[in-house]
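Shown next: my_file-v1.txt, given as compact mmCIF, C-alpha atoms.
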# COMPACT_ATOMS: atom_id res chain seq x y z
CA MET A 1 -13.90 -39.17 37.49
CA HIS A 2 -11.73 -40.41 34.65
CA THR A 3 -8.66 -38.66 33.30
CA VAL A 4 -9.43 -36.66 30.17
CA VAL A 5 -7.43 -37.88 27.18
CA LEU A 6 -9.47 -36.32 24.35
CA LEU A 7 -11.74 -33.27 24.09
CA VAL A 8 -14.00 -33.28 21.02
CA ASP A 9 -16.03 -30.53 19.38
CA ASN A 10 -19.65 -30.91 18.33
CA ASP A 11 -19.05 -30.87 14.57
CA VAL A 12 -16.72 -33.86 14.69
CA LEU A 13 -19.10 -35.82 16.90
CA LEU A 14 -22.05 -35.07 14.64
CA SER A 15 -20.14 -36.14 11.55
CA ALA A 16 -18.86 -39.28 13.26
CA ALA A 17 -22.42 -40.14 14.32
CA HIS A 18 -23.81 -39.68 10.82
CA TRP A 19 -20.95 -41.65 9.26
CA GLY A 20 -20.90 -44.54 11.74
CA LEU A 21 -17.41 -43.66 12.99
CA LEU A 22 -18.13 -43.10 16.69
CA ASP A 23 -16.19 -46.17 17.81
CA MET A 24 -13.05 -44.68 16.27
CA VAL A 25 -13.20 -41.28 17.98
CA PRO A 26 -11.50 -42.28 21.28
CA THR A 27 -9.26 -44.94 19.71
CA LEU A 28 -7.69 -42.20 17.61
CA VAL A 29 -5.57 -41.49 20.70
CA GLY A 30 -5.79 -44.90 22.35
CA ALA A 31 -8.53 -43.83 24.74
CA THR A 32 -12.02 -44.99 25.72
CA TRP A 33 -15.24 -42.99 25.74
CA ALA A 34 -14.88 -42.66 29.51
CA GLU A 35 -11.76 -40.55 28.83
CA VAL A 36 -13.49 -38.25 26.30
CA ALA A 37 -14.95 -34.85 27.22
CA VAL A 38 -17.51 -32.95 25.14
CA LEU A 39 -19.19 -29.56 25.33
CA ALA A 40 -22.22 -29.52 27.64
CA SER A 41 -24.43 -28.14 24.86
CA LEU A 42 -24.51 -31.36 22.82
CA PRO A 43 -26.01 -34.11 25.04
CA PRO A 44 -29.42 -32.42 25.60
CA ARG A 45 -29.75 -31.63 21.90
CA ALA A 46 -28.88 -35.21 21.03
CA ARG A 47 -31.50 -36.54 23.46
CA LYS A 48 -34.07 -34.31 21.74
CA ALA A 49 -32.80 -35.35 18.28
CA ASP A 50 -32.58 -31.67 17.35
CA PRO A 51 -33.42 -31.52 13.62
CA LYS A 52 -30.96 -28.65 13.19
CA LEU A 53 -28.16 -31.07 14.05
CA PHE A 54 -29.39 -34.48 12.93
CA LYS A 55 -30.51 -35.57 9.49
CA ASP A 56 -32.30 -38.55 11.04
CA PRO A 57 -33.48 -39.12 14.65
CA ALA A 58 -31.86 -42.56 14.48
CA VAL A 59 -28.45 -40.87 14.23
CA ALA A 60 -29.14 -38.93 17.42
CA ALA A 61 -30.26 -42.13 19.15
CA THR A 62 -26.95 -43.72 18.19
CA LEU A 63 -24.95 -40.85 19.65
CA VAL A 64 -26.74 -40.54 23.00
CA PRO A 65 -25.25 -43.61 24.74
CA TYR A 66 -21.75 -42.64 23.69
CA LEU A 67 -22.16 -39.17 25.17
CA ALA A 68 -23.47 -40.71 28.38
CA GLN A 69 -20.10 -42.41 28.88
CA CYS A 70 -18.08 -39.19 28.64
CA THR A 71 -16.23 -37.63 31.55
CA PRO A 72 -16.96 -34.00 32.52
CA MET A 73 -15.20 -31.20 30.68
CA PRO A 74 -12.13 -29.97 32.59
CA ASP A 75 -12.10 -26.41 33.85
CA PRO A 76 -10.68 -24.11 31.18
CA ASP A 77 -7.24 -22.64 31.73
CA VAL A 78 -8.18 -19.08 32.70
CA SER A 79 -4.99 -17.60 31.30
CA LEU A 80 -5.41 -19.39 27.98
CA ILE A 81 -9.06 -18.49 27.51
CA ALA A 82 -8.15 -14.85 28.11
CA ARG A 83 -5.68 -15.09 25.23
CA LEU A 84 -8.34 -16.59 22.95
CA GLN A 85 -11.24 -14.30 23.77
CA GLY A 86 -12.16 -11.63 21.28
CA ARG A 87 -11.08 -13.67 18.25
CA PRO A 88 -14.03 -13.66 15.79
CA ASP A 89 -12.50 -16.63 13.96
CA ILE A 90 -12.56 -18.83 17.09
CA ASP A 91 -16.11 -19.24 18.38
CA VAL A 92 -16.96 -19.54 22.06
CA GLY A 93 -17.28 -23.33 21.97
CA GLU A 94 -13.84 -23.74 20.40
CA GLN A 95 -12.37 -21.27 22.89
CA VAL A 96 -13.69 -23.40 25.74
CA LEU A 97 -12.35 -26.59 24.15
CA PHE A 98 -8.89 -25.15 23.53
CA ALA A 99 -8.67 -23.59 26.96
CA ALA A 100 -9.88 -26.78 28.67
CA THR A 101 -7.28 -28.76 26.72
CA GLY A 102 -4.62 -26.36 27.92
CA GLY A 103 -5.59 -27.19 31.48
CA ALA A 104 -5.82 -30.96 30.99
CA ALA A 105 -2.19 -32.06 31.16
CA GLU A 106 -1.45 -34.10 28.01
CA ALA A 107 -4.95 -34.35 26.53
CA PHE A 108 -5.62 -33.80 22.83
CA VAL A 109 -8.36 -31.69 21.26
CA LEU A 110 -10.19 -32.91 18.14
CA THR A 111 -11.96 -30.20 16.14
CA GLY A 112 -13.57 -29.96 12.73
CA ASP A 113 -13.38 -26.16 12.64
CA LYS A 114 -10.55 -25.42 10.20
CA ARG A 115 -11.10 -21.68 10.51
CA ALA A 116 -10.46 -21.95 14.23
CA ILE A 117 -7.42 -24.18 13.68
CA ARG A 118 -5.89 -21.65 11.27
CA ALA A 119 -6.52 -18.82 13.74
CA LEU A 120 -5.04 -20.92 16.53
CA ALA A 121 -2.03 -21.69 14.33
CA LEU A 122 -1.37 -17.98 13.84
CA LEU A 123 -1.48 -17.39 17.59
CA HIS A 124 0.71 -20.42 18.20
CA ALA A 125 3.29 -19.25 15.66
CA GLU A 126 3.44 -15.95 17.55
CA GLY A 127 4.20 -17.84 20.75
CA VAL A 128 0.88 -16.97 22.36
CA ILE A 129 -0.32 -20.52 23.14
CA PRO A 130 2.60 -22.89 23.80
CA GLU A 131 0.31 -25.07 25.96
CA LEU A 132 -1.26 -26.62 22.83
CA THR A 133 1.96 -27.66 21.10
CA GLY A 134 1.39 -30.97 19.29
CA ARG A 135 -2.06 -31.45 20.81
CA VAL A 136 -4.52 -30.42 18.05
CA LEU A 137 -6.25 -33.04 15.91
CA CYS A 138 -8.62 -32.40 13.00
CA MET A 139 -11.23 -34.29 11.00
CA GLU A 140 -8.61 -35.59 8.57
CA HIS A 141 -6.74 -37.28 11.43
CA LEU A 142 -9.95 -39.11 12.34
CA LEU A 143 -10.65 -40.10 8.73
CA TRP A 144 -7.10 -41.41 8.31
CA HIS A 145 -7.57 -43.52 11.42
CA ALA A 146 -10.96 -44.77 10.19
CA LEU A 147 -9.46 -45.60 6.81
CA SER A 148 -6.74 -47.68 8.46
CA VAL A 149 -9.39 -49.59 10.45
CA LEU A 150 -12.14 -49.98 7.85
CA GLY A 151 -10.36 -49.91 4.51
CA PRO A 152 -11.37 -47.65 1.61
CA ASP A 153 -14.57 -49.37 0.48
CA GLU A 154 -16.22 -49.46 3.89
CA LEU A 155 -15.14 -45.93 4.74
CA LEU A 156 -16.61 -44.63 1.47
CA ARG A 157 -19.83 -46.56 2.04
CA ARG A 158 -20.30 -45.01 5.46
CA VAL A 159 -19.31 -41.44 4.66
CA ARG A 160 -21.37 -41.37 1.47
CA LYS A 161 -24.57 -41.95 3.41
CA TYR A 162 -24.32 -38.29 4.41
CA PRO A 163 -21.71 -36.85 2.02
CA ASP A 164 -22.66 -33.21 2.64
CA ARG A 165 -21.81 -33.28 6.34
CA ASP A 166 -18.35 -31.85 5.63
CA MET A 167 -17.32 -30.22 2.35
CA ALA A 168 -13.61 -30.94 2.77
CA THR A 169 -14.37 -34.61 3.31
CA LEU A 170 -16.67 -34.63 0.29
CA ALA A 171 -13.86 -33.21 -1.83
CA ILE A 172 -11.67 -36.13 -0.76
CA VAL A 173 -14.12 -39.05 -0.98
CA GLY A 174 -16.45 -37.87 -3.75
CA ARG A 175 -20.04 -39.01 -4.13
CA THR A 176 -19.91 -42.11 -6.31
CA GLU A 177 -16.56 -42.74 -7.99
CA ALA A 178 -14.23 -45.54 -6.87
CA LYS A 179 -11.36 -44.45 -4.65
CA SER A 180 -8.32 -46.47 -3.64
CA GLN A 181 -6.65 -46.21 -0.25
CA PRO A 182 -3.66 -44.28 -1.71
CA GLN A 183 -6.03 -41.82 -3.38
CA ILE A 184 -7.90 -41.16 -0.15
CA GLU A 185 -4.65 -40.88 1.79
CA GLU A 186 -3.33 -38.37 -0.75
CA GLY A 187 -6.40 -36.19 -0.28
CA LEU A 188 -6.21 -36.37 3.51
CA THR A 189 -2.50 -35.61 3.51
CA SER A 190 -3.06 -32.53 1.36
CA TYR A 191 -5.45 -31.06 3.93
CA LEU A 192 -3.24 -32.04 6.85
CA MET A 193 -0.13 -30.49 5.31
CA ASN A 194 -2.04 -27.32 4.50
CA LEU A 195 -3.13 -26.92 8.11
CA ASN A 196 0.32 -27.80 9.37
CA GLN A 197 2.17 -25.23 7.27
CA ALA A 198 0.97 -22.27 9.32
CA SER A 199 2.42 -23.70 12.52
CA PRO A 200 4.33 -26.96 12.22
CA HIS A 201 4.35 -27.54 15.98
CA LEU A 202 0.64 -27.13 16.72
CA MET A 203 -0.88 -30.16 15.00
CA ALA A 204 -0.59 -33.63 16.55
CA ARG A 205 1.67 -36.11 14.80
CA GLY A 206 0.55 -39.41 13.32
CA HIS A 207 -2.51 -40.44 11.31
CA GLY A 208 -1.17 -38.97 8.08
CA LEU A 209 0.95 -36.18 9.56
CA ASP A 210 4.47 -37.31 10.48
Starting from the file, give its structure as structure tokens.
Amino acid sequence: MHTVVLLVDNDVLLSAAHWGLLDMVPTLVGATWAEVAVLASLPPRARKADPKLFKDPAVAATLVPYLAQCTPMPDPDVSLIARLQGRPDIDVGEQVLFAATGGAAEAFVLTGDKRAIRALALLHAEGVIPELTGRVLCMEHLLWHALSVLGPDELLRRVRKYPDRDMATLAIVGRTEAKSQPQIEEGLTSYLMNLNQASPHLMARGHGLD
């Protein structure tokens, strides 16, 4: 079994699959897919190309071999999951991810659920979850990383194939207009800073958030 370096939620993986950004998910933290853990609910639905998750069966087929490389999800930190339970703004899947991250030494968690991040930030600011200090990554971190690898034109081309996958991303990249790298970075930074304001020690540094 490989060491877990990154735990990723389903929404991020689905967006990355639709946008052709899967190769950049583990490299966001200098890892490989063998060091990534995902929720057990996603692989069987990807193999079935569940139409509720995938706009095109070809996208599901692309994702399946990546998921097959992943390492098992670590056992959740029992103490941490107890502190997260009962929060309506943090769904069960996110609770498992956060609690598993808390029990996985120095692993990071990558989530696209901003509602859950904001709720987690409130708890963190109250001193409830010190285990996750500096270990939470969001979609904008991944997009910043992809932008640095691909450049603005290629990133826009890929994301605009399925622009409605994520409304925050759509607000940054738009549907058709030209966007320079500084313009995209400005949009990403705005979202990152907004999330960071609630709890400046929760979000991971780098990739647009220094």
List as a CSV table (one decimal) with C-alpha atoms, in the coordinates of the input the protein and nucleic acid residues near A:Glu126, meaning an atom at most 12 Å away when only C-alpha atoms are counted, but skip any in the same chain fewer than 6 places from it.
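Dumped everything to out15.csv:
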chain,number,residue,atom,x,y,z
A,83,ARG,CA,-5.7,-15.1,25.2
A,119,ALA,CA,-6.5,-18.8,13.7
A,120,LEU,CA,-5.0,-20.9,16.5
A,198,ALA,CA,1.0,-22.3,9.3
A,199,SER,CA,2.4,-23.7,12.5
A,201,HIS,CA,4.4,-27.5,16.0
A,202,LEU,CA,0.6,-27.1,16.7
Go through stretch 24-140 of chain A and flag each residue having an atom no more than 8 Å from stretch 2-13 of chain A; for those, report the closest pair of atoms plus their distance in Å to one decimal, using only C-alpha atoms, ordered by chain and rising number, as a tab-separated table.
residue	atom	partner	partner_atom	distance
A:Pro26	CA	A:Leu6	CA	7.0
A:Val29	CA	A:Leu6	CA	7.4
A:Ala31	CA	A:Val5	CA	6.5
A:Ala34	CA	A:His2	CA	6.4
A:Glu35	CA	A:Val4	CA	4.7
A:Val36	CA	A:Leu6	CA	4.9
A:Ala37	CA	A:Leu7	CA	4.8
A:Val38	CA	A:Val8	CA	5.4
A:Leu39	CA	A:Asp9	CA	6.8
A:Leu42	CA	A:Asn10	CA	6.6
A:Thr71	CA	A:His2	CA	6.1
A:Met73	CA	A:Leu7	CA	7.7
A:Pro74	CA	A:Val4	CA	7.6
A:Gly93	CA	A:Asp9	CA	7.8
A:Glu94	CA	A:Asp9	CA	7.2
A:Leu97	CA	A:Leu7	CA	6.7
A:Thr101	CA	A:Leu7	CA	6.9
A:Ala104	CA	A:Val4	CA	6.8
A:Glu106	CA	A:Val5	CA	7.1
A:Ala107	CA	A:Val5	CA	4.4
A:Phe108	CA	A:Leu6	CA	4.8
A:Val109	CA	A:Leu7	CA	4.7
A:Leu110	CA	A:Val8	CA	4.8
A:Thr111	CA	A:Asp9	CA	5.2
A:Gly112	CA	A:Val12	CA	5.4
A:Asp113	CA	A:Asp11	CA	7.6
A:Met139	CA	A:Val12	CA	6.6
Top pick for closest residue to A:Met24, considering A:Tyr162, A:Arg205, A:Ser41, A:Leu142 and counting only C-alpha atoms: A:Leu142
Straight-line distance linking atom CA of A:Ile117 with atom CA of A:Val149, stated in Å to one decimal: 25.7 Å
Scan for residues within 12 Å of the point (0.0, -23.2, 7.7) in the coordinates of the file, using all atoms listed in the file, and reply as a compact mmCIF listing (two decimals) with C-alpha atoms, in the frame of the given file.
# COMPACT_ATOMS: atom_id res chain seq x y z
CA LYS A 114 -10.55 -25.42 10.20
CA ARG A 115 -11.10 -21.68 10.51
CA ILE A 117 -7.42 -24.18 13.68
CA ARG A 118 -5.89 -21.65 11.27
CA ALA A 119 -6.52 -18.82 13.74
CA LEU A 120 -5.04 -20.92 16.53
CA ALA A 121 -2.03 -21.69 14.33
CA LEU A 122 -1.37 -17.98 13.84
CA LEU A 123 -1.48 -17.39 17.59
CA HIS A 124 0.71 -20.42 18.20
CA ALA A 125 3.29 -19.25 15.66
CA SER A 190 -3.06 -32.53 1.36
CA TYR A 191 -5.45 -31.06 3.93
CA LEU A 192 -3.24 -32.04 6.85
CA MET A 193 -0.13 -30.49 5.31
CA ASN A 194 -2.04 -27.32 4.50
CA LEU A 195 -3.13 -26.92 8.11
CA ASN A 196 0.32 -27.80 9.37
CA GLN A 197 2.17 -25.23 7.27
CA ALA A 198 0.97 -22.27 9.32
CA SER A 199 2.42 -23.70 12.52
CA PRO A 200 4.33 -26.96 12.22
CA HIS A 201 4.35 -27.54 15.98
CA LEU A 202 0.64 -27.13 16.72
CA MET A 203 -0.88 -30.16 15.00
Using only C-alpha atoms: which of A:Ala68, A:Leu53, A:Ala58, A:Leu14 has the shortest distance to A:Trp33: A:Ala68
Residues within 8 Å of (-7.1, -25.7, 25.8), counting only C-alpha atoms, listed as a PDB file with C-alpha atoms, keeping the file's coordinate frame:
ATOM      1  CA  PRO A  76     -10.680 -24.110  31.180  1.00  0.00           C
ATOM      2  CA  ASP A  77      -7.240 -22.640  31.730  1.00  0.00           C
ATOM      3  CA  LEU A  80      -5.410 -19.390  27.980  1.00  0.00           C
ATOM      4  CA  ILE A  81      -9.060 -18.490  27.510  1.00  0.00           C
ATOM      5  CA  GLN A  95     -12.370 -21.270  22.890  1.00  0.00           C
ATOM      6  CA  VAL A  96     -13.690 -23.400  25.740  1.00  0.00           C
ATOM      7  CA  LEU A  97     -12.350 -26.590  24.150  1.00  0.00           C
ATOM      8  CA  PHE A  98      -8.890 -25.150  23.530  1.00  0.00           C
ATOM      9  CA  ALA A  99      -8.670 -23.590  26.960  1.00  0.00           C
ATOM     10  CA  ALA A 100      -9.880 -26.780  28.670  1.00  0.00           C
ATOM     11  CA  THR A 101      -7.280 -28.760  26.720  1.00  0.00           C
ATOM     12  CA  GLY A 102      -4.620 -26.360  27.920  1.00  0.00           C
ATOM     13  CA  GLY A 103      -5.590 -27.190  31.480  1.00  0.00           C
ATOM     14  CA  ALA A 104      -5.820 -30.960  30.990  1.00  0.00           C
ATOM     15  CA  VAL A 109      -8.360 -31.690  21.260  1.00  0.00           C
ATOM     16  CA  GLU A 131       0.310 -25.070  25.960  1.00  0.00           C
ATOM     17  CA  LEU A 132      -1.260 -26.620  22.830  1.00  0.00           C
TER      18      LEU A 132
END
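Distances to A:Leu28 were evaluated for A:Leu156, A:Val59, A:Ala116, A:Ala204 using all atoms listed in the file, and the minimum falls at A:Ala204.
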Of the listed residues A:Thr27, A:Leu84, A:Ile184, A:Thr32, that which approaches A:Val128 most closely, counting all atoms listed in the file: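 That would be A:Leu84, the residue with the smallest distance to A:Val128.
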Distance in Å - atom CA of A:Arg47 versus atom CA of A:Ala60: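 Computed distance, atom CA of A:Arg47 to atom CA of A:Ala60, equals 6.9 Å.
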Could you give me the centre and size, in Å to one decimal, of an axis-aligned box around all listed atoms of stretch 151-168 of chain A with 8 Å added on every side, as lines of an AutoDock Vina configuration file?
center_x = -17.5
center_y = -40.1
center_z = 3.4
size_x = 30.2
size_y = 35.7
size_z = 21.9
Straight-line distance linking atom CA of A:Gly151 with atom CA of A:Gln181, stated in Å to one decimal: 7.1 Å
Distance criterion (all atoms listed in the file): nearest to A:Val136 out of A:Tyr66, A:Leu22, A:Leu209, A:Lys48: A:Leu209
Excluding A:Pro44 and residues on its chain fewer than 5 positions from it, collect all residues at most 9 Å away from it, counting only C-alpha atoms, and give them as a CSV table (one decimal) with C-alpha atoms, in the frame of the given file.
chain,number,residue,atom,x,y,z
A,49,ALA,CA,-32.8,-35.4,18.3
A,50,ASP,CA,-32.6,-31.7,17.4
A,64,VAL,CA,-26.7,-40.5,23.0
From A:Thr169, A:Ser15, A:Gln69, A:Ser148, residue lying nearest A:Pro182 [only C-alpha atoms]: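 Among the listed residues, the smallest separation from A:Pro182 belongs to A:Ser148.
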Distance query stretch 171-178 of chain A at most 8 Å, all atoms listed in the file, self and fewer than 2 positions along chain excluded, as a PyMOL selection string: chain A and resi 156+160+163+167-169+180+184+187-188
Mind rebuilding stretch 11-32 of chain A with N, CA, C and O atoms and writing that out as a CSV table (one decimal), in the frame of the given file?
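The result, written out as rebuild07.csv:
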chain,number,residue,atom,x,y,z
A,11,ASP,N,-19.0,-30.6,16.0
A,11,ASP,CA,-19.0,-30.9,14.6
A,11,ASP,C,-18.5,-32.2,14.3
A,11,ASP,O,-19.0,-33.0,13.5
A,12,VAL,N,-17.3,-32.5,14.9
A,12,VAL,CA,-16.7,-33.9,14.7
A,12,VAL,C,-17.6,-35.0,15.2
A,12,VAL,O,-17.8,-36.0,14.5
A,13,LEU,N,-18.2,-34.8,16.3
A,13,LEU,CA,-19.1,-35.8,16.9
A,13,LEU,C,-20.3,-36.0,16.0
A,13,LEU,O,-20.8,-37.2,15.8
A,14,LEU,N,-20.9,-34.9,15.5
A,14,LEU,CA,-22.0,-35.1,14.6
A,14,LEU,C,-21.7,-35.8,13.3
A,14,LEU,O,-22.4,-36.6,12.9
A,15,SER,N,-20.6,-35.4,12.8
A,15,SER,CA,-20.1,-36.1,11.6
A,15,SER,C,-19.9,-37.6,11.8
A,15,SER,O,-20.3,-38.5,11.1
A,16,ALA,N,-19.2,-37.9,12.9
A,16,ALA,CA,-18.9,-39.3,13.3
A,16,ALA,C,-20.1,-40.1,13.5
A,16,ALA,O,-20.2,-41.3,13.1
A,17,ALA,N,-21.1,-39.5,14.1
A,17,ALA,CA,-22.4,-40.1,14.3
A,17,ALA,C,-23.1,-40.4,13.0
A,17,ALA,O,-23.6,-41.5,12.8
A,18,HIS,N,-23.2,-39.5,12.1
A,18,HIS,CA,-23.8,-39.7,10.8
A,18,HIS,C,-23.1,-40.7,10.0
A,18,HIS,O,-23.7,-41.4,9.2
A,19,TRP,N,-21.8,-40.8,10.1
A,19,TRP,CA,-21.0,-41.6,9.3
A,19,TRP,C,-20.7,-43.0,9.9
A,19,TRP,O,-19.9,-43.8,9.3
A,20,GLY,N,-21.2,-43.3,11.1
A,20,GLY,CA,-20.9,-44.5,11.7
A,20,GLY,C,-19.5,-44.7,12.2
A,20,GLY,O,-18.9,-45.8,12.2
A,21,LEU,N,-18.8,-43.6,12.6
A,21,LEU,CA,-17.4,-43.7,13.0
A,21,LEU,C,-17.2,-43.4,14.5
A,21,LEU,O,-16.1,-43.1,14.9
A,22,LEU,N,-18.3,-43.5,15.3
A,22,LEU,CA,-18.1,-43.1,16.7
A,22,LEU,C,-17.1,-44.0,17.4
A,22,LEU,O,-16.4,-43.5,18.3
A,23,ASP,N,-17.1,-45.3,17.1
A,23,ASP,CA,-16.2,-46.2,17.8
A,23,ASP,C,-14.7,-45.8,17.6
A,23,ASP,O,-13.9,-46.1,18.4
A,24,MET,N,-14.4,-45.0,16.6
A,24,MET,CA,-13.0,-44.7,16.3
A,24,MET,C,-12.6,-43.3,16.9
A,24,MET,O,-11.4,-43.0,16.8
A,25,VAL,N,-13.6,-42.6,17.4
A,25,VAL,CA,-13.2,-41.3,18.0
A,25,VAL,C,-12.2,-41.4,19.1
A,25,VAL,O,-11.1,-40.9,19.1
A,26,PRO,N,-12.5,-42.2,20.2
A,26,PRO,CA,-11.5,-42.3,21.3
A,26,PRO,C,-10.3,-43.1,20.9
A,26,PRO,O,-9.2,-42.8,21.4
A,27,THR,N,-10.4,-44.1,20.1
A,27,THR,CA,-9.3,-44.9,19.7
A,27,THR,C,-8.3,-44.2,18.8
A,27,THR,O,-7.1,-44.7,18.7
A,28,LEU,N,-8.6,-43.1,18.3
A,28,LEU,CA,-7.7,-42.2,17.6
A,28,LEU,C,-6.5,-41.9,18.5
A,28,LEU,O,-5.3,-41.8,18.0
A,29,VAL,N,-6.7,-41.8,19.8
A,29,VAL,CA,-5.6,-41.5,20.7
A,29,VAL,C,-5.4,-42.6,21.7
A,29,VAL,O,-4.8,-42.4,22.8
A,30,GLY,N,-5.9,-43.8,21.4
A,30,GLY,CA,-5.8,-44.9,22.4
A,30,GLY,C,-6.6,-44.8,23.6
A,30,GLY,O,-6.2,-45.3,24.7
A,31,ALA,N,-7.7,-44.1,23.5
A,31,ALA,CA,-8.5,-43.8,24.7
A,31,ALA,C,-9.8,-44.6,24.7
A,31,ALA,O,-10.1,-45.3,23.7
A,32,THR,N,-10.7,-44.5,25.7
A,32,THR,CA,-12.0,-45.0,25.7
A,32,THR,C,-13.0,-43.8,25.8
A,32,THR,O,-12.6,-42.7,26.1
